[in-house]
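Structure first, commentary second.
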Amino acid sequence: MSLLFLLSCNKDGGSPTPGTGIGGSTARFTVSDNTLYIVGATSLQAFDITNSSNPIPGAKTTVGMGVETIFPYRDKLFVGTQTGMFIYDITQPARPKQVSVYTHIQSCDPVVAQGNYAYVTLRSGTNCRNRTNNSLDVVDFSDLNNLKQIGSYPMKNPHGLGVDGKLLFVGEGEYGLRILDVSNPAVVLPIQYIDSVKAYDVIPYQNRLIVTSPAGISQYSYATNQLTHLSTLPVQP
């Protein structure tokens, strides 16, 4: 189940700027200002939604095979594919321009970004042709011409993830939910691991964490850096 798509107001840290969409890291569409971006299996399509009742198609950009996710941050789009993370500049909203790429083994690949760092999860799974690797990679993109992996951390089976300030949340699917300290992105530290929650995607926003799981959509508080369950909306499969 993909996570609910929301629209945001302004917020510092890893959350989007005004007019930018908030979605889970496994989302396949997002909004930045007056432009809607949708990823297909091999492409990225832009639509001008200044007039929401009459979307105007912009450029359709070929990305490559195995496109999976899209995440907006500042004037960039981070596109996760089965072979890597692609960064697109959207200063010309209707015509995204590829400015960098980070490649890895063929694997499922959600991605989120904050500051000058991207956080990428790689998950084993038949559909992604990766049977063994389960990890969290941290990539420094301060120099778009020279992306650097500054850390890689073993996970059990990471799915979606989200970042807010010093906290990174990673859904481990059937294996639970992690909270990690990314105050220093080069040294990611564990804070809390809950193996009783089956978490597939997450949205952190204003001390609230929205989590999708087989039980439905749950809301947690992380105001104290520890998760406290607030509510669950059951959703039928």
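By order of appearance in the structure tokens: chains A, B, ..., then residues from 1 within every chain, and ligands from 1 in the order shown.
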
Name all residues at most 12 Å from Ser52 of chain A (count only C-alpha atoms; drop same-chain ones fewer than 2 positions away) and give them as a ChimeraX atom specification.
/A:31,34-36,47-50,54-56

task = Per DSSP on the backbone, filter segment 38-149 of chain A down to the residues in strand (DSSP E or B) and report them as number ranges by chain.
result = A: 38-39, 43-48, 56-62, 67-73, 76-81, 84-89, 97-103, 108, 111-114, 117-123, 125, 130, 135-140, 148-149

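The residue that comes closest to Thr83 of chain A, out of A:Arg95, A:Lys60, A:Lys156, A:His104 and on the basis of only C-alpha atoms, is A:His104.
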
Min atom-atom distance to Leu77 of chain A from the set A:Gln149, A:Thr224, A:Thr232, A:Thr91, counting only C-alpha atoms, belongs to A:Thr91

Just want the 6 Å neighbourhood of segment 110-121 of chain A, counted on only C-alpha atoms, with same-chain residues fewer than 2 positions away dropped. Output as an mmCIF file with N, CA, C and O atoms, in the first residue's frame.
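Result file part-v2.cif:
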data_model
loop_
_atom_site.group_PDB
_atom_site.id
_atom_site.type_symbol
_atom_site.label_atom_id
_atom_site.label_comp_id
_atom_site.auth_asym_id
_atom_site.auth_seq_id
_atom_site.Cartn_x
_atom_site.Cartn_y
_atom_site.Cartn_z
ATOM 1 N N GLY A 14 13.866 18.396 6.471
ATOM 2 C CA GLY A 14 13.664 17.535 5.329
ATOM 3 C C GLY A 14 12.327 17.688 4.662
ATOM 4 O O GLY A 14 12.073 17.088 3.638
ATOM 5 N N SER A 25 7.974 7.858 0.679
ATOM 6 C CA SER A 25 9.142 7.670 -0.183
ATOM 7 C C SER A 25 8.877 6.690 -1.310
ATOM 8 O O SER A 25 9.671 6.590 -2.248
ATOM 9 N N THR A 26 7.748 5.957 -1.257
ATOM 10 C CA THR A 26 7.409 5.040 -2.345
ATOM 11 C C THR A 26 6.403 5.651 -3.315
ATOM 12 O O THR A 26 5.875 4.964 -4.180
ATOM 13 N N THR A 69 10.219 5.434 -7.773
ATOM 14 C CA THR A 69 9.752 6.422 -6.809
ATOM 15 C C THR A 69 10.215 7.819 -7.185
ATOM 16 O O THR A 69 11.157 8.000 -7.963
ATOM 17 N N GLY A 80 14.017 7.421 -7.683
ATOM 18 C CA GLY A 80 14.591 6.124 -7.339
ATOM 19 C C GLY A 80 14.268 5.102 -8.404
ATOM 20 O O GLY A 80 13.111 4.975 -8.833
ATOM 21 N N SER A 135 20.011 -2.689 2.895
ATOM 22 C CA SER A 135 20.859 -1.672 3.516
ATOM 23 C C SER A 135 20.257 -0.280 3.386
ATOM 24 O O SER A 135 19.343 -0.036 2.587
ATOM 25 N N LEU A 136 20.809 0.630 4.179
ATOM 26 C CA LEU A 136 20.548 2.061 4.088
ATOM 27 C C LEU A 136 21.839 2.729 3.647
ATOM 28 O O LEU A 136 22.862 2.616 4.330
ATOM 29 N N ASP A 137 21.825 3.411 2.507
ATOM 30 C CA ASP A 137 22.987 4.145 2.022
ATOM 31 C C ASP A 137 22.781 5.636 2.248
ATOM 32 O O ASP A 137 21.669 6.154 2.066
ATOM 33 N N VAL A 138 23.840 6.327 2.626
ATOM 34 C CA VAL A 138 23.816 7.779 2.794
ATOM 35 C C VAL A 138 24.721 8.382 1.724
ATOM 36 O O VAL A 138 25.895 8.016 1.609
ATOM 37 N N VAL A 139 24.157 9.306 0.932
ATOM 38 C CA VAL A 139 24.882 9.875 -0.206
ATOM 39 C C VAL A 139 24.983 11.392 -0.042
ATOM 40 O O VAL A 139 23.968 12.075 0.142
ATOM 41 N N ASP A 140 26.204 11.905 -0.100
ATOM 42 C CA ASP A 140 26.460 13.350 -0.063
ATOM 43 C C ASP A 140 26.341 13.885 -1.490
ATOM 44 O O ASP A 140 27.105 13.500 -2.374
ATOM 45 N N PHE A 141 25.349 14.792 -1.723
ATOM 46 C CA PHE A 141 25.184 15.349 -3.066
ATOM 47 C C PHE A 141 25.498 16.843 -3.100
ATOM 48 O O PHE A 141 25.023 17.571 -3.978
ATOM 49 N N SER A 142 26.333 17.310 -2.150
ATOM 50 C CA SER A 142 26.700 18.727 -2.135
ATOM 51 C C SER A 142 27.406 19.127 -3.423
ATOM 52 O O SER A 142 27.305 20.275 -3.874
#

Determine, counting only C-alpha atoms, which protein, DNA and RNA residues have an atom within 10 Å of an atom of Leu209 of chain A; residues of the same chain fewer than 3 positions away are not included. Present the result as a ChimeraX atom specification. /A:162,164,169,202-206,218-223,227-230

Would you put the residues from that selection into a file with N, CA, C and O atoms, as a PDB file, in the first residue's frame?
ATOM      1  N   GLY A 162      11.585   8.173   5.790  1.00  0.00           N
ATOM      2  CA  GLY A 162      11.303   9.600   5.854  1.00  0.00           C
ATOM      3  C   GLY A 162      12.253  10.255   6.828  1.00  0.00           C
ATOM      4  O   GLY A 162      12.697   9.632   7.803  1.00  0.00           O
ATOM      5  N   ASP A 164      13.157  13.931   9.139  1.00  0.00           N
ATOM      6  CA  ASP A 164      12.714  15.207   9.696  1.00  0.00           C
ATOM      7  C   ASP A 164      13.745  15.657  10.712  1.00  0.00           C
ATOM      8  O   ASP A 164      13.854  15.077  11.797  1.00  0.00           O
ATOM      9  N   PHE A 169      13.352   7.850   9.771  1.00  0.00           N
ATOM     10  CA  PHE A 169      12.453   6.733  10.040  1.00  0.00           C
ATOM     11  C   PHE A 169      12.528   5.756   8.873  1.00  0.00           C
ATOM     12  O   PHE A 169      12.431   6.159   7.711  1.00  0.00           O
ATOM     13  N   VAL A 202       6.322   5.671   5.308  1.00  0.00           N
ATOM     14  CA  VAL A 202       6.180   6.620   6.411  1.00  0.00           C
ATOM     15  C   VAL A 202       6.184   8.054   5.878  1.00  0.00           C
ATOM     16  O   VAL A 202       6.794   8.345   4.856  1.00  0.00           O
ATOM     17  N   ILE A 203       5.474   8.937   6.597  1.00  0.00           N
ATOM     18  CA  ILE A 203       5.580  10.383   6.389  1.00  0.00           C
ATOM     19  C   ILE A 203       5.781  11.029   7.752  1.00  0.00           C
ATOM     20  O   ILE A 203       4.882  10.973   8.602  1.00  0.00           O
ATOM     21  N   PRO A 204       6.940  11.636   8.027  1.00  0.00           N
ATOM     22  CA  PRO A 204       7.116  12.422   9.245  1.00  0.00           C
ATOM     23  C   PRO A 204       6.791  13.886   8.966  1.00  0.00           C
ATOM     24  O   PRO A 204       7.240  14.459   7.977  1.00  0.00           O
ATOM     25  N   TYR A 205       6.001  14.493   9.857  1.00  0.00           N
ATOM     26  CA  TYR A 205       5.608  15.899   9.660  1.00  0.00           C
ATOM     27  C   TYR A 205       5.124  16.485  10.979  1.00  0.00           C
ATOM     28  O   TYR A 205       4.179  15.980  11.577  1.00  0.00           O
ATOM     29  N   GLN A 206       5.801  17.528  11.430  1.00  0.00           N
ATOM     30  CA  GLN A 206       5.398  18.261  12.639  1.00  0.00           C
ATOM     31  C   GLN A 206       5.169  17.328  13.829  1.00  0.00           C
ATOM     32  O   GLN A 206       4.123  17.347  14.470  1.00  0.00           O
ATOM     33  N   SER A 218      -1.589   4.326  10.401  1.00  0.00           N
ATOM     34  CA  SER A 218      -1.432   4.651  11.819  1.00  0.00           C
ATOM     35  C   SER A 218      -0.710   5.978  11.996  1.00  0.00           C
ATOM     36  O   SER A 218       0.092   6.387  11.144  1.00  0.00           O
ATOM     37  N   GLN A 219      -0.996   6.630  13.111  1.00  0.00           N
ATOM     38  CA  GLN A 219      -0.360   7.891  13.450  1.00  0.00           C
ATOM     39  C   GLN A 219       0.373   7.746  14.783  1.00  0.00           C
ATOM     40  O   GLN A 219      -0.181   7.210  15.750  1.00  0.00           O
ATOM     41  N   TYR A 220       1.625   8.237  14.793  1.00  0.00           N
ATOM     42  CA  TYR A 220       2.442   8.203  15.993  1.00  0.00           C
ATOM     43  C   TYR A 220       2.978   9.596  16.283  1.00  0.00           C
ATOM     44  O   TYR A 220       3.175  10.406  15.374  1.00  0.00           O
ATOM     45  N   SER A 221       3.237   9.871  17.552  1.00  0.00           N
ATOM     46  CA  SER A 221       3.957  11.078  17.938  1.00  0.00           C
ATOM     47  C   SER A 221       5.427  10.733  18.128  1.00  0.00           C
ATOM     48  O   SER A 221       5.760   9.675  18.653  1.00  0.00           O
ATOM     49  N   TYR A 222       6.316  11.638  17.667  1.00  0.00           N
ATOM     50  CA  TYR A 222       7.741  11.468  17.947  1.00  0.00           C
ATOM     51  C   TYR A 222       8.319  12.724  18.599  1.00  0.00           C
ATOM     52  O   TYR A 222       9.490  13.029  18.477  1.00  0.00           O
ATOM     53  N   ALA A 223       7.464  13.434  19.333  1.00  0.00           N
ATOM     54  CA  ALA A 223       7.872  14.688  19.970  1.00  0.00           C
ATOM     55  C   ALA A 223       9.010  14.484  20.958  1.00  0.00           C
ATOM     56  O   ALA A 223       9.820  15.397  21.184  1.00  0.00           O
ATOM     57  N   LEU A 227       8.654   6.852  19.682  1.00  0.00           N
ATOM     58  CA  LEU A 227       7.329   6.756  19.092  1.00  0.00           C
ATOM     59  C   LEU A 227       6.262   6.432  20.123  1.00  0.00           C
ATOM     60  O   LEU A 227       6.431   5.532  20.947  1.00  0.00           O
ATOM     61  N   THR A 228       5.153   7.168  20.063  1.00  0.00           N
ATOM     62  CA  THR A 228       3.975   6.908  20.878  1.00  0.00           C
ATOM     63  C   THR A 228       2.778   6.775  19.955  1.00  0.00           C
ATOM     64  O   THR A 228       2.482   7.690  19.176  1.00  0.00           O
ATOM     65  N   HIS A 229       2.098   5.639  20.023  1.00  0.00           N
ATOM     66  CA  HIS A 229       0.951   5.406  19.142  1.00  0.00           C
ATOM     67  C   HIS A 229      -0.193   6.334  19.508  1.00  0.00           C
ATOM     68  O   HIS A 229      -0.557   6.480  20.669  1.00  0.00           O
ATOM     69  N   LEU A 230      -0.804   6.954  18.484  1.00  0.00           N
ATOM     70  CA  LEU A 230      -1.929   7.864  18.693  1.00  0.00           C
ATOM     71  C   LEU A 230      -3.228   7.294  18.149  1.00  0.00           C
ATOM     72  O   LEU A 230      -4.270   7.396  18.803  1.00  0.00           O
TER      73      LEU A 230
END

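Proximity of A:Ala46, A:Val188, A:Ile210, A:Ile87 to Asn145 of chain A, computed with only C-alpha atoms, is greatest for A:Ile87.
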
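Closest to Ser43 of chain A among A:Pro57, A:Gly160, A:Gly64, A:Gly23 is A:Gly64, based on only C-alpha atoms.
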
Across A:Asp195, A:Asp89, A:Glu174, A:Asp201, the smallest distance to Pro72 of chain A, with only C-alpha atoms counted, is shown by A:Asp89

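Of the residues under consideration (A:Tyr193, A:Ala215, A:Leu44, A:Tyr102), A:Tyr102 shows the shortest atom-to-atom contact distance to Leu147 of chain A when counting only C-alpha atoms.
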
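Relative to atom CA of Asn51 of chain A, atom CA of Asp75 of chain A is found at 21.3 Å.
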